[in-house]
>>> print(open('run.cif').read())   # mmCIF, C-alpha atoms
data_data
loop_
_atom_site.label_atom_id
_atom_site.label_comp_id
_atom_site.auth_asym_id
_atom_site.auth_seq_id
_atom_site.Cartn_x
_atom_site.Cartn_y
_atom_site.Cartn_z
CA MET A 422 33.95 16.00 -10.93
CA ARG A 423 31.46 16.41 -8.11
CA VAL A 424 30.76 19.98 -9.20
CA ILE A 425 30.08 18.86 -12.78
CA ALA A 426 27.75 16.08 -11.58
CA SER A 427 25.84 18.50 -9.37
CA ALA A 428 25.61 21.15 -12.12
CA LEU A 429 24.36 18.57 -14.66
CA ALA A 430 21.77 17.18 -12.23
CA MET A 431 20.52 20.66 -11.35
CA LEU A 432 20.33 21.75 -15.00
CA ALA A 433 18.48 18.62 -16.09
CA ALA A 434 16.05 18.89 -13.17
CA LEU A 435 15.41 22.56 -13.91
CA ILE A 436 14.69 21.93 -17.60
CA VAL A 437 12.31 19.04 -16.79
CA LEU A 438 10.58 21.13 -14.13
CA LEU A 439 10.13 24.21 -16.32
CA GLY A 440 9.17 22.07 -19.30
CA SER A 441 6.38 20.53 -17.22
CA PHE A 442 4.86 23.90 -16.31
CA LEU A 443 5.64 26.40 -19.06
CA PRO A 444 4.23 25.93 -22.58
CA ILE A 445 7.48 26.91 -24.33
CA PRO A 446 8.11 24.53 -27.28
CA LEU A 447 11.90 24.45 -26.82
CA LEU A 448 11.59 23.57 -23.13
CA ILE A 449 8.99 20.89 -23.83
CA GLN A 450 11.23 19.38 -26.52
CA LEU A 451 14.26 19.41 -24.23
CA ARG A 452 12.20 17.87 -21.43
CA THR A 453 11.06 15.04 -23.71
CA ILE A 454 14.65 14.34 -24.80
CA LEU A 455 15.89 14.34 -21.20
CA LEU A 456 13.11 12.01 -20.07
CA ARG A 457 13.96 9.63 -22.92
CA TRP A 458 17.60 9.64 -21.86
CA GLY A 459 16.41 9.05 -18.30
CA ALA A 460 14.42 6.01 -19.41
CA ILE A 461 17.48 4.59 -21.20
CA LEU A 462 19.65 5.24 -18.15
CA ALA A 463 17.06 3.59 -15.88
CA ALA A 464 17.10 0.50 -18.10
CA THR A 465 20.91 0.50 -17.99
CA ALA A 466 20.75 0.81 -14.21
CA ALA A 467 18.49 -2.26 -14.13
CA LEU A 468 21.17 -4.16 -16.09
CA VAL A 469 23.87 -2.95 -13.68
CA GLY A 470 21.63 -4.09 -10.82
CA PHE A 471 21.20 -7.48 -12.49
CA TYR A 472 24.98 -7.85 -12.76
CA ASN A 473 25.27 -6.81 -9.10
CA LEU A 474 22.73 -9.50 -8.11
CA LEU A 475 24.66 -12.19 -9.99
CA ALA A 476 28.00 -11.01 -8.59
CA VAL A 477 26.76 -11.04 -4.98
CA HIS A 478 25.38 -14.57 -5.32
CA TRP A 479 28.43 -15.79 -7.22
CA ARG A 480 30.49 -14.64 -4.25
CA ASN A 481 28.12 -16.47 -1.88
CA LEU A 482 28.49 -19.59 -4.00
CA ARG A 483 32.28 -19.46 -3.81
CA ALA A 484 32.31 -18.67 -0.09
CA GLY A 485 30.18 -21.73 0.74
CA GLY A 486 27.88 -21.81 3.75
CA LEU A 487 24.19 -22.29 4.27
CA GLN A 488 22.99 -20.24 1.32
CA VAL A 489 24.95 -22.04 -1.41
CA LEU A 490 21.91 -23.88 -2.75
CA TYR A 491 19.79 -20.73 -2.70
CA SER A 492 22.46 -18.72 -4.56
CA PHE A 493 22.95 -21.55 -7.09
CA VAL A 494 19.23 -21.74 -7.89
CA LEU A 495 19.01 -17.94 -8.08
CA ILE A 496 21.90 -17.61 -10.55
CA LEU A 497 20.55 -20.47 -12.67
CA ALA A 498 17.01 -19.06 -12.73
CA ALA A 499 18.14 -15.47 -13.36
CA LEU A 500 20.47 -16.38 -16.21
CA GLY A 501 17.94 -18.82 -17.72
CA THR A 502 15.11 -16.27 -17.70
CA PHE A 503 17.38 -13.50 -18.99
CA THR A 504 18.71 -15.63 -21.86
CA LEU A 505 15.27 -16.93 -22.83
CA THR A 506 13.77 -13.42 -22.84
CA LEU A 507 16.71 -12.06 -24.81
CA LEU A 508 16.51 -14.81 -27.45
CA LEU A 509 12.74 -15.25 -27.77
CA GLY A 510 11.39 -11.84 -26.67
CA PRO A 511 9.10 -11.11 -23.71
CA GLN A 512 5.90 -11.92 -25.67
CA SER A 513 7.02 -15.40 -26.71
CA PRO A 514 4.74 -18.20 -25.40
CA VAL A 515 7.72 -19.92 -23.75
CA VAL A 516 8.58 -16.85 -21.70
CA HIS A 517 5.02 -15.62 -21.13
CA THR A 518 3.20 -18.90 -20.51
CA TRP A 519 5.88 -21.11 -19.00
CA VAL A 520 8.06 -18.72 -17.08
CA LEU A 521 5.68 -15.88 -16.19
CA LEU A 522 2.32 -17.63 -15.84
CA GLY A 523 3.69 -21.07 -14.96
CA ILE A 524 6.39 -20.26 -12.42
CA ILE A 525 6.57 -16.59 -11.34
CA ARG A 526 2.83 -15.87 -10.88
CA PRO A 527 2.04 -19.03 -8.83
CA ILE A 528 4.98 -18.33 -6.52
CA GLU A 529 3.84 -14.72 -6.08
CA ALA A 530 0.29 -15.94 -5.42
CA SER A 531 1.56 -18.28 -2.73
CA LEU A 532 3.36 -15.35 -1.08
CA LEU A 533 0.07 -13.40 -1.20
CA GLY A 534 -1.56 -16.31 0.59
CA ILE A 535 1.05 -16.13 3.35
CA LEU A 536 0.40 -12.39 3.51
CA ALA A 537 -3.24 -12.92 4.55
CA ILE A 538 -2.11 -15.08 7.48
CA THR A 539 0.60 -12.54 8.36
CA LEU A 540 -2.03 -9.79 8.54
CA ILE A 541 -4.30 -11.78 10.87
CA TYR A 542 -1.32 -12.62 13.06
CA ALA A 543 -0.21 -8.96 13.10
CA LEU A 544 -3.67 -7.85 14.14
CA ALA A 545 -3.72 -10.33 17.02
CA ARG A 546 -0.26 -9.23 18.13
CA LEU A 547 -1.24 -5.56 17.92
CA LEU A 548 -3.85 -6.11 20.65
CA ARG A 549 -1.20 -7.47 22.97
CA ARG A 550 1.52 -4.99 22.11
CA ARG A 551 -0.07 -1.56 21.80
CA PHE A 552 -3.65 -1.23 22.87
CA ASP A 553 -4.38 2.49 22.74
CA PHE A 554 -7.15 4.63 21.24
CA LEU A 555 -5.67 4.50 17.70
CA THR A 556 -5.39 0.72 17.85
CA PHE A 557 -8.97 0.47 19.09
CA LEU A 558 -10.14 2.65 16.19
CA PHE A 559 -8.05 0.65 13.70
CA ILE A 560 -9.49 -2.69 14.83
CA LEU A 561 -13.03 -1.33 15.03
CA SER A 562 -12.89 0.04 11.48
CA THR A 563 -11.29 -3.18 10.19
CA PHE A 564 -14.13 -5.29 11.59
CA PHE A 565 -16.76 -2.79 10.51
CA PHE A 566 -15.65 -2.69 6.87
CA LEU A 567 -15.14 -6.47 6.79
CA LEU A 568 -18.67 -6.91 8.06
CA ALA A 569 -20.07 -4.36 5.61
CA SER A 570 -18.41 -5.97 2.59
CA ALA A 571 -18.78 -9.63 3.62
CA PRO A 572 -21.17 -11.69 1.47
CA MET A 573 -24.15 -12.93 3.49
CA LEU A 574 -26.69 -15.61 2.63
CA TRP A 575 -29.36 -12.94 2.19
CA GLY A 576 -27.08 -10.55 0.28
CA SER A 577 -25.83 -7.65 2.37
CA ILE A 578 -26.57 -6.24 5.82
CA PRO A 579 -29.26 -3.60 5.51
CA PHE A 580 -28.36 -0.06 6.58
CA ILE A 581 -24.70 -0.99 7.34
CA SER A 582 -23.73 -2.18 3.85
CA ASP A 583 -25.82 0.17 1.78
CA PHE A 584 -25.76 3.39 3.82
CA LEU A 585 -23.42 3.60 6.82
CA ALA A 586 -20.30 2.02 5.27
CA PRO A 587 -20.44 4.04 2.01
CA TRP A 588 -21.13 7.22 4.05
CA ILE A 589 -18.12 6.65 6.35
CA GLN A 590 -16.04 5.70 3.29
CA ASP A 591 -17.02 8.87 1.39
CA ILE A 592 -16.64 11.31 4.29
CA PHE A 593 -14.06 10.11 6.82
CA VAL A 594 -11.95 7.61 4.87
CA THR A 595 -11.63 9.81 1.80
CA ALA A 596 -10.77 12.85 3.92
CA GLY A 597 -8.15 10.91 5.91
CA THR A 598 -6.66 9.39 2.76
CA ARG A 599 -6.43 12.79 1.10
CA GLY A 600 -4.78 14.25 4.19
CA LEU A 601 -2.16 11.51 4.22
CA LEU A 602 -1.58 11.84 0.47
CA LEU A 603 -1.18 15.62 0.73
CA GLY A 604 1.45 15.11 3.43
CA ILE A 605 3.28 12.57 1.28
CA ALA A 606 3.10 14.91 -1.72
CA LEU A 607 4.62 17.75 0.35
CA GLY A 608 7.41 15.43 1.51
CA ALA A 609 8.07 14.32 -2.07
CA LEU A 610 8.12 17.95 -3.24
CA LEU A 611 10.68 18.91 -0.61
CA THR A 612 12.83 15.85 -1.41
CA GLY A 613 12.82 16.79 -5.08
CA LEU A 614 13.70 20.39 -4.33
CA ARG A 615 16.57 19.33 -2.06
CA ILE A 616 18.06 17.44 -5.00
CA LEU A 617 17.32 20.30 -7.40
CA LEU A 618 19.14 22.71 -5.08
CA ALA A 619 21.97 20.19 -4.56
CA MET A 620 21.32 20.10 -0.82
CA ASP A 621 21.13 16.30 -1.17
CA ARG A 622 23.48 14.70 -3.67
CA PRO A 623 23.02 10.93 -3.71
CA TYR A 624 25.07 10.83 -6.95
CA GLY A 625 28.56 11.03 -5.54
CA GLY A 626 28.21 13.93 -3.13
CA LYS A 627 26.56 14.30 0.28
CA MET B 853 -1.99 27.88 -17.35
CA THR B 854 -3.00 29.55 -14.05
CA LEU B 855 -2.56 26.25 -12.21
CA ALA B 856 0.87 25.74 -13.80
CA LEU B 857 1.99 29.23 -12.79
CA LEU B 858 0.65 28.73 -9.27
CA SER B 859 2.55 25.43 -8.98
CA LEU B 860 5.70 27.11 -10.25
CA PHE B 861 5.25 29.94 -7.75
CA ILE B 862 4.91 27.46 -4.85
CA ILE B 863 8.03 25.61 -5.96
CA LEU B 864 9.95 28.88 -6.27
CA PHE B 865 8.72 29.98 -2.83
CA VAL B 866 9.89 26.74 -1.21
CA ALA B 867 13.17 26.87 -3.13
CA LEU B 868 13.82 30.31 -1.62
CA LEU B 869 12.54 29.30 1.82
CA LEU B 870 14.81 26.27 2.11
CA PRO B 871 18.23 28.01 2.10
CA ILE B 872 16.91 30.85 4.29
CA LEU B 873 15.55 28.43 6.90
CA SER B 874 18.73 26.42 6.66
CA LEU B 875 20.81 29.48 7.53
CA VAL B 876 18.50 30.63 10.33
CA GLN B 877 18.26 27.18 11.91
CA ARG B 878 22.01 26.77 12.03
CA LYS B 879 21.97 29.19 14.96
CA SER B 880 18.74 28.10 16.63
CA PRO B 881 17.71 24.54 15.78
CA PRO B 882 13.93 23.96 15.79
CA ARG B 883 12.18 21.59 18.17
CA PHE B 884 10.12 18.87 16.59
CA ARG B 885 7.58 16.59 18.21
CA LEU B 886 8.84 13.23 19.41
CA ILE B 887 8.48 10.32 16.98
CA PRO B 888 9.10 7.11 18.97
CA ALA B 889 10.17 5.13 15.87
CA PHE B 890 13.18 7.37 15.23
CA ARG B 891 14.24 7.42 18.88
CA ALA B 892 14.07 3.61 18.93
CA LEU B 893 15.95 3.42 15.62
CA ARG B 894 18.77 5.61 16.89
CA ARG B 895 19.15 3.35 19.93
CA ALA B 896 18.97 0.18 17.82
CA VAL B 897 21.73 1.41 15.49
CA ASP B 898 23.94 2.28 18.47
CA LEU B 899 23.33 -1.18 19.94
CA SER B 900 24.10 -2.85 16.60
CA ILE B 901 27.47 -1.08 16.43
CA GLU B 902 28.23 -2.02 20.05
CA ASP B 903 27.30 -5.67 19.49
CA GLY B 904 29.26 -5.89 16.24
CA LYS B 905 26.05 -6.60 14.30
CA GLN B 906 24.94 -5.36 10.90
CA VAL B 907 22.42 -2.66 9.98
CA HIS B 908 20.26 -3.32 6.92
CA LEU B 909 18.52 -0.60 4.94
CA SER B 910 15.88 -1.47 2.38
CA LEU B 911 15.24 1.35 -0.11
CA GLY B 912 12.14 -0.17 -1.65
CA ARG B 913 11.49 -0.29 -5.36
CA GLY B 914 10.49 3.23 -6.41
CA ASN B 915 11.32 3.85 -10.06
CA LEU B 916 13.63 6.86 -10.34
CA LEU B 917 11.58 8.32 -13.19
CA THR B 918 8.41 8.42 -11.11
CA LEU B 919 7.17 10.15 -7.96
CA GLN B 920 7.64 6.88 -6.06
CA ALA B 921 11.39 7.46 -6.03
CA ALA B 922 11.02 10.36 -3.59
CA SER B 923 10.74 8.15 -0.50
CA GLY B 924 13.82 6.16 -1.53
CA LEU B 925 15.78 9.37 -2.14
CA ALA B 926 14.70 10.76 1.24
CA SER B 927 15.84 7.51 2.79
CA LEU B 928 19.27 7.94 1.16
CA GLY B 929 19.56 11.38 2.80
CA MET B 930 19.19 9.66 6.16
CA TRP B 931 21.47 6.82 5.13
CA HIS B 932 24.43 9.11 4.52
CA HIS B 933 24.36 9.96 8.20
CA LEU B 934 23.81 6.40 9.46
CA ALA B 935 26.34 4.80 7.11
CA ALA B 936 29.05 7.17 8.37
CA GLN B 937 28.16 6.05 11.90
CA THR B 938 28.23 2.33 11.09
CA ALA B 939 31.28 2.51 8.79
CA VAL B 940 33.69 1.96 11.66
CA GLY B 941 31.66 -0.92 13.14
CA ASP B 942 32.75 -4.57 13.01
CA ARG B 943 30.37 -5.37 10.19
CA PRO B 944 29.62 -3.14 7.20
CA PRO B 945 26.05 -1.92 6.72
CA LEU B 946 23.94 -3.43 3.97
CA ILE B 947 21.50 -1.92 1.46
CA THR B 948 18.95 -3.74 -0.64
CA ALA B 949 16.66 -2.25 -3.27
CA GLY B 950 14.23 -3.45 -5.89
CA GLU B 951 15.38 -0.94 -8.49
CA GLY B 952 18.73 -0.78 -10.28
CA GLY B 953 19.08 3.01 -10.02
CA LEU B 954 18.53 2.95 -6.27
CA VAL B 955 21.25 0.31 -5.89
CA ILE B 956 23.75 2.55 -7.69
CA LEU B 957 22.73 5.59 -5.63
CA GLY B 958 22.94 3.47 -2.48
CA GLN B 959 26.50 2.47 -3.37
CA ASP B 960 27.44 6.08 -4.07
CA THR B 961 25.91 7.41 -0.87
CA THR B 962 27.60 4.72 1.22
CA ARG B 963 30.97 5.40 -0.40
CA THR B 964 30.77 9.13 0.33
CA ALA B 965 29.63 8.37 3.88
CA TYR B 966 32.66 6.09 4.33
CA ARG B 967 34.86 8.84 2.91
CA ALA B 968 33.38 11.31 5.40
CA ALA B 969 34.11 8.82 8.20
CA LEU B 970 37.72 8.50 6.93
CA ALA B 971 37.14 4.80 6.29
CA GLU B 972 36.98 4.68 2.50
CA GLU B 973 39.31 1.66 2.34
CA LEU B 974 36.59 -0.39 4.12
CA TYR B 975 34.03 0.30 1.40
CA HIS B 976 32.98 -2.55 -0.89
CA PRO B 977 30.47 -2.17 -3.76
CA PHE B 978 28.56 -5.27 -2.58
CA VAL B 979 27.38 -3.14 0.34
CA ALA B 980 24.34 -2.40 -1.86
CA ARG B 981 22.61 -5.15 -3.74
CA LEU B 982 19.60 -5.66 -5.94
CA GLY B 983 16.70 -7.85 -4.80
CA GLY B 984 14.11 -8.85 -7.36
CA LEU B 985 12.65 -6.31 -9.74
CA SER B 986 9.01 -7.14 -9.01
CA PRO B 987 7.43 -6.62 -5.54
CA PHE B 988 7.26 -10.26 -4.50
CA ALA B 989 10.53 -11.20 -6.19
CA TYR B 990 12.15 -8.48 -4.08
CA ALA B 991 10.48 -9.81 -0.93
CA ALA B 992 11.49 -13.39 -1.75
CA SER B 993 15.11 -12.43 -2.36
CA THR B 994 15.32 -10.32 0.80
CA LEU B 995 13.67 -12.85 3.15
CA PRO B 996 16.82 -15.01 3.57
CA LEU B 997 18.74 -11.88 4.67
CA LEU B 998 16.17 -11.25 7.38
CA GLN B 999 16.79 -14.65 8.89
CA GLU B 1000 20.46 -13.97 9.44
CA LYS B 1001 21.43 -13.44 13.07
CA ARG B 1002 24.31 -11.13 12.16
CA ILE B 1003 21.82 -8.40 11.17
CA SER B 1004 20.13 -6.88 14.20
CA THR B 1005 18.52 -3.74 12.75
CA HIS B 1006 16.38 -3.51 9.65
CA ILE B 1007 15.22 -0.19 8.21
CA PHE B 1008 12.56 -0.39 5.52
CA LEU B 1009 12.14 3.15 4.25
CA GLY B 1010 11.04 3.63 0.66
CA HIS B 1011 8.31 2.72 -1.75
CA PHE B 1012 6.88 -0.66 -0.76
CA GLY B 1013 3.57 -2.34 -1.27
CA VAL B 1014 2.04 -5.03 0.89
CA GLU B 1015 5.15 -7.19 0.40
CA SER B 1016 6.75 -5.08 3.15
CA LEU B 1017 4.56 -6.97 5.62
CA LEU B 1018 6.35 -10.20 4.76
CA LEU B 1019 9.68 -8.48 5.39
CA GLY B 1020 8.55 -6.98 8.69
CA GLU B 1021 7.13 -10.27 9.87
CA ALA B 1022 10.40 -12.08 9.05
CA ALA B 1023 12.42 -9.45 10.95
CA GLU B 1024 10.08 -9.74 13.91
CA ARG B 1025 10.32 -13.54 13.92
CA ASN B 1026 14.10 -13.25 13.99
CA GLN B 1027 13.81 -10.92 17.01
CA ALA B 1028 15.57 -8.14 15.13
CA PHE B 1029 14.62 -4.50 15.52
CA PHE B 1030 12.85 -3.05 12.53
CA VAL B 1031 11.34 0.24 11.52
CA ALA B 1032 9.21 0.42 8.40
CA ALA B 1033 7.51 3.16 6.41
CA SER B 1034 6.20 3.46 2.91
CA ASP B 1035 4.55 6.14 0.80
CA ASP B 1036 1.96 3.56 -0.20
CA LEU B 1037 -1.23 3.83 1.88
CA THR B 1038 -2.07 0.11 1.75
CA ALA B 1039 1.37 -0.75 3.05
CA GLN B 1040 1.04 1.92 5.74
CA ALA B 1041 -2.21 0.35 6.97
CA GLY B 1042 -0.60 -3.08 7.20
CA LEU B 1043 2.56 -1.74 8.81
CA PHE B 1044 0.49 0.08 11.41
CA ALA B 1045 -0.59 -3.32 12.70
CA LEU B 1046 2.75 -5.06 12.25
CA ALA B 1047 5.47 -2.58 13.20
CA PRO B 1048 6.31 -1.97 16.86
CA HIS B 1049 6.72 1.75 16.11
CA PRO B 1050 4.57 2.64 13.09
CA LEU B 1051 5.37 5.62 10.86
CA LEU B 1052 2.43 7.22 9.11
CA GLY B 1053 1.92 9.66 6.25
CA GLU B 1054 4.86 11.93 5.51
CA GLU B 1055 6.89 10.83 8.57
CA ILE B 1056 8.98 8.77 6.17
CA PHE B 1057 10.42 12.05 4.83
CA ALA B 1058 11.41 13.22 8.32
CA ALA B 1059 13.92 10.44 8.99
CA ALA B 1060 17.04 12.45 8.12
CA ALA B 1061 16.06 15.45 10.25
CA TYR B 1062 15.19 13.28 13.24
CA LEU B 1063 18.37 11.24 13.06
CA GLY B 1064 20.49 14.38 13.20
CA ALA B 1065 21.63 14.55 9.58
CA GLY B 1066 22.08 18.34 9.76
CA PRO B 1067 20.38 21.74 9.75
CA SER B 1068 19.45 21.60 6.07
CA ASN B 1069 17.29 18.52 6.72
CA GLN B 1070 15.66 20.24 9.66
CA ALA B 1071 15.07 23.26 7.44
CA SER B 1072 13.24 21.16 4.87
CA LEU B 1073 11.05 19.74 7.63
CA SER B 1074 10.23 23.29 8.78
CA ALA B 1075 9.50 24.29 5.18
CA GLN B 1076 7.22 21.25 4.91
CA ASP B 1077 5.38 22.41 8.05
CA ALA B 1078 5.08 25.95 6.63
CA LEU B 1079 3.62 24.55 3.41
CA ARG B 1080 1.23 22.41 5.40
CA TRP B 1081 -0.10 25.49 7.23
CA MET B 1082 -0.47 27.34 3.93
CA LEU B 1083 -2.42 24.40 2.55
CA ILE B 1084 -4.69 24.28 5.62
CA LEU B 1085 -5.37 28.02 5.32
CA ALA B 1086 -6.10 27.65 1.60
CA LEU B 1087 -8.49 24.76 2.30
CA LEU B 1088 -10.32 26.88 4.86
CA ILE B 1089 -10.38 30.20 3.03
CA LEU B 1090 -10.96 29.20 -0.61
CA PRO B 1091 -14.36 27.47 -0.08
CA VAL B 1092 -15.55 30.56 1.85
CA LEU B 1093 -14.43 32.86 -0.98
CA LYS B 1094 -16.10 30.56 -3.50
CA PHE B 1095 -19.29 30.61 -1.42
CA PHE B 1096 -19.39 34.41 -1.51
CA GLY B 1097 -18.73 34.38 -5.25
CA VAL B 1098 -15.33 36.09 -5.13
CA PHE B 1099 -14.11 33.78 -7.93
#
>>> encode(input="run.cif", output="structure tokens")
Amino acid sequence: MRVIASALAMLAALIVLLGSFLPIPLLIQLRTILLRWGAILAATAALVGFYNLLAVHWRNLRAGGLQVLYSFVLILAALGTFTLTLLLGPQSPVVHTWVLLGIIRPIEASLLGILAITLIYALARLLRRRFDFLTFLFILSTFFFLLASAPMLWGSIPFISDFLAPWIQDIFVTAGTRGLLLGIALGALLTGLRILLAMDRPYGGK
Amino acid sequence: MTLALLSLFIILFVALLLPILSLVQRKSPPRFRLIPAFRALRRAVDLSIEDGKQVHLSLGRGNLLTLQAASGLASLGMWHHLAAQTAVGDRPPLITAGEGGLVILGQDTTRTAYRAALAEELYHPFVARLGGLSPFAYAASTLPLLQEKRISTHIFLGHFGVESLLLGEAAERNQAFFVAASDDLTAQAGLFALAPHPLLGEEIFAAAAYLGAGPSNQASLSAQDALRWMLILALLILPVLKFFGVF
């Protein structure tokens, strides 16, 4: 079974890879079909995950303890939203206006608000915990770019906002960002190849 | 067309390099630079097992059909090794993810790790669970877990956005050890300030090799380094050639 799973995964990956690079109509067609199947499987996986979420919290509910109320609210909210979306569709005003814009978005916005405080707190703690050259540079650039983009009564700070900050942004920040992204892309490439070569098999093998 | 063929050639080159390096490095393992986060993580996992506490891995929410899944998949490569280690502990490890596919893969990886540790009867599918499907829903559903005293080590390795800062902060407040890395640059910037041992750039993909998952993982890290050098050379040489009008 494991051999079949590995062979199927390798074959599918190879077809998608070749179909992305070579302009052969048959390969492109096969790639499109496989990607469509992938999308269907991903949606099915989301449903399996949803069932898993309900099952875990149902177990919590039956076991009792401190998180009973949390699990109860979660199951109720998850099933309610799922049923409403299934019956009325995701574009219905009830789902879109009441559930999405009325409940989910405000809660997410409140978490974003907490995030701002978390960041300030983390910055203060960083000074105490690890004050080295990198930290110094990090804090210096944070304050510099905050200052350069902050709205002033007279508009913006001359020279800093209109010349120095964009210059540093274009030269150093862009170069650093590209370097980091290239590294991440290389890592992603190697991870993909490990799965293509069946060196990593998260689907039932090593 | 030229670009496509060049990309295909690079992929083929790495695909050939990987097994060769894997074979060579079986005999003489390479030496990598020290990454404090992985050394601290190794110690934290050992302490968790000793104390009878739980280890929690968060795989992020990278969609399996996109490039964002790569960090989650790399994290699973490391998890196979760690789950086998923690399988015989007092408490089973725990995985959370914000994507259904990653939950299933997390279950599968954990089961095979348990099998490798000859402890398959201890495996339970609830070892991996789904958080919310949107970034903040995932954070909100994972936050209660981070307040539990029975979990002493949290590993956040995968595709996260800024919501990872909320998770890290909660782990820190609970005095639990945590290591966090994301392929998202905004999250990396925030985690640099928050995490005790920050991981930057592609270090997220080095976890398996650094935690001793095997020579093939070390080989892929060496291949990554080889590619990096090729890229640096190309970046240096190509502008010079262009300047002299070679192409």
>>> resolve_selection(input="run.cif", expression="the PyMOL selection byres ((chain A) within 6 of (chain B))", output="compact mmCIF listing (two decimals) with C-alpha atoms, in the coordinates of the input")
# COMPACT_ATOMS: atom_id res chain seq x y z
CA PHE A 442 4.86 23.90 -16.31
CA ALA A 466 20.75 0.81 -14.21
CA ALA A 467 18.49 -2.26 -14.13
CA GLY A 470 21.63 -4.09 -10.82
CA LEU A 474 22.73 -9.50 -8.11
CA GLU A 529 3.84 -14.72 -6.08
CA ALA A 543 -0.21 -8.96 13.10
CA LEU A 544 -3.67 -7.85 14.14
CA LEU A 547 -1.24 -5.56 17.92
CA LEU A 601 -2.16 11.51 4.22
CA GLY A 604 1.45 15.11 3.43
CA ILE A 605 3.28 12.57 1.28
CA GLY A 608 7.41 15.43 1.51
CA ALA A 609 8.07 14.32 -2.07
CA PRO A 623 23.02 10.93 -3.71
CA TYR A 624 25.07 10.83 -6.95
CA GLY A 625 28.56 11.03 -5.54
>>> axis_aligned_box(input="run.cif", around="stretch 941-954 of chain B", padding_each_side="5 Å", output="JSON")
{"center_x": 23.5, "center_y": -1.2, "center_z": 1.4, "size_x": 28.5, "size_y": 18.4, "size_z": 33.4}
>>> atom_distance(input="run.cif", atom1="atom CA of B:Gly941", atom2="atom CA of B:Phe1030")
18.9 Å
>>> resolve_selection(input="run.cif", expression="the PyMOL selection byres ((chain B and resi 880-887) around 10)", output="ChimeraX atom specification")
/B:873-879,888-892,1049-1051,1055,1058-1059,1061-1062,1066-1067,1070-1071,1073-1074
>>> atom_distance(input="run.cif", atom1="atom CA of B:Ile1007", atom2="atom CA of B:Ala935")
12.2 Å
>>> closest_residue(input="run.cif", among="B:Val1092, B:Met1082, B:Met930, B:Leu1019", to="A:Leu607", atoms="only C-alpha atoms")
B:Met1082
>>> resolve_selection(input="run.cif", expression="the PyMOL selection byres ((chain A and resi 453) around 12)", output="list of chain:residue names")
A:Ala433, A:Ile436, A:Val437, A:Leu438, A:Leu439, A:Gly440, A:Ser441, A:Pro446, A:Leu447, A:Leu448, A:Ile449, A:Gln450, A:Leu451, A:Arg452, A:Ile454, A:Leu455, A:Leu456, A:Arg457, A:Trp458, A:Gly459, A:Ala460
>>> write_last_selection(input="run.cif", atoms="C-alpha atoms", output="PDB file, keeping the file's coordinate frame")
ATOM      1  CA  ALA A 433      18.480  18.620 -16.090  1.00  0.00           C
ATOM      2  CA  ILE A 436      14.690  21.930 -17.600  1.00  0.00           C
ATOM      3  CA  VAL A 437      12.310  19.040 -16.790  1.00  0.00           C
ATOM      4  CA  LEU A 438      10.580  21.130 -14.130  1.00  0.00           C
ATOM      5  CA  LEU A 439      10.130  24.210 -16.320  1.00  0.00           C
ATOM      6  CA  GLY A 440       9.170  22.070 -19.300  1.00  0.00           C
ATOM      7  CA  SER A 441       6.380  20.530 -17.220  1.00  0.00           C
ATOM      8  CA  PRO A 446       8.110  24.530 -27.280  1.00  0.00           C
ATOM      9  CA  LEU A 447      11.900  24.450 -26.820  1.00  0.00           C
ATOM     10  CA  LEU A 448      11.590  23.570 -23.130  1.00  0.00           C
ATOM     11  CA  ILE A 449       8.990  20.890 -23.830  1.00  0.00           C
ATOM     12  CA  GLN A 450      11.230  19.380 -26.520  1.00  0.00           C
ATOM     13  CA  LEU A 451      14.260  19.410 -24.230  1.00  0.00           C
ATOM     14  CA  ARG A 452      12.200  17.870 -21.430  1.00  0.00           C
ATOM     15  CA  ILE A 454      14.650  14.340 -24.800  1.00  0.00           C
ATOM     16  CA  LEU A 455      15.890  14.340 -21.200  1.00  0.00           C
ATOM     17  CA  LEU A 456      13.110  12.010 -20.070  1.00  0.00           C
ATOM     18  CA  ARG A 457      13.960   9.630 -22.920  1.00  0.00           C
ATOM     19  CA  TRP A 458      17.600   9.640 -21.860  1.00  0.00           C
ATOM     20  CA  GLY A 459      16.410   9.050 -18.300  1.00  0.00           C
ATOM     21  CA  ALA A 460      14.420   6.010 -19.410  1.00  0.00           C
TER      22      ALA A 460
END
>>> atom_distance(input="run.cif", atom1="atom CA of A:Pro572", atom2="atom CA of A:Thr598")
25.6 Å
>>> closest_residue(input="run.cif", among="B:Leu893, B:Ile1003, B:Leu998, B:Ile1084", to="B:Pro944", atoms="all atoms listed in the file")
B:Ile1003
>>> residues_near_point(input="run.cif", point="(-10.7, -10.4, 13.2)", cutoff="8 Å", atoms="all atoms listed in the file", output="list in words")
Ile541, Leu544, Ala545, Ile560, Thr563 and Phe564 of chain A
>>> write_last_selection(input="run.cif", atoms="C-alpha atoms", output="PDB file, in the frame of the given file")
ATOM      1  CA  ILE A 541      -4.300 -11.780  10.870  1.00  0.00           C
ATOM      2  CA  LEU A 544      -3.670  -7.850  14.140  1.00  0.00           C
ATOM      3  CA  ALA A 545      -3.720 -10.330  17.020  1.00  0.00           C
ATOM      4  CA  ILE A 560      -9.490  -2.690  14.830  1.00  0.00           C
ATOM      5  CA  THR A 563     -11.290  -3.180  10.190  1.00  0.00           C
ATOM      6  CA  PHE A 564     -14.130  -5.290  11.590  1.00  0.00           C
TER       7      PHE A 564
END
>>> residues_around(input="run.cif", residues="A:Ser582", least_positions_apart="2", cutoff="12 Å", atoms="all atoms listed in the file", output="ChimeraX atom specification")
/A:565-573,576-580,584-590
>>> residues_around(input="run.cif", residues="stretch 489-500 of chain A", least_positions_apart="4", cutoff="10 Å", atoms="only C-alpha atoms", output="PyMOL selection string")
(chain A and resi 471+474-485+504-506+520) or (chain B and resi 984+993+996)
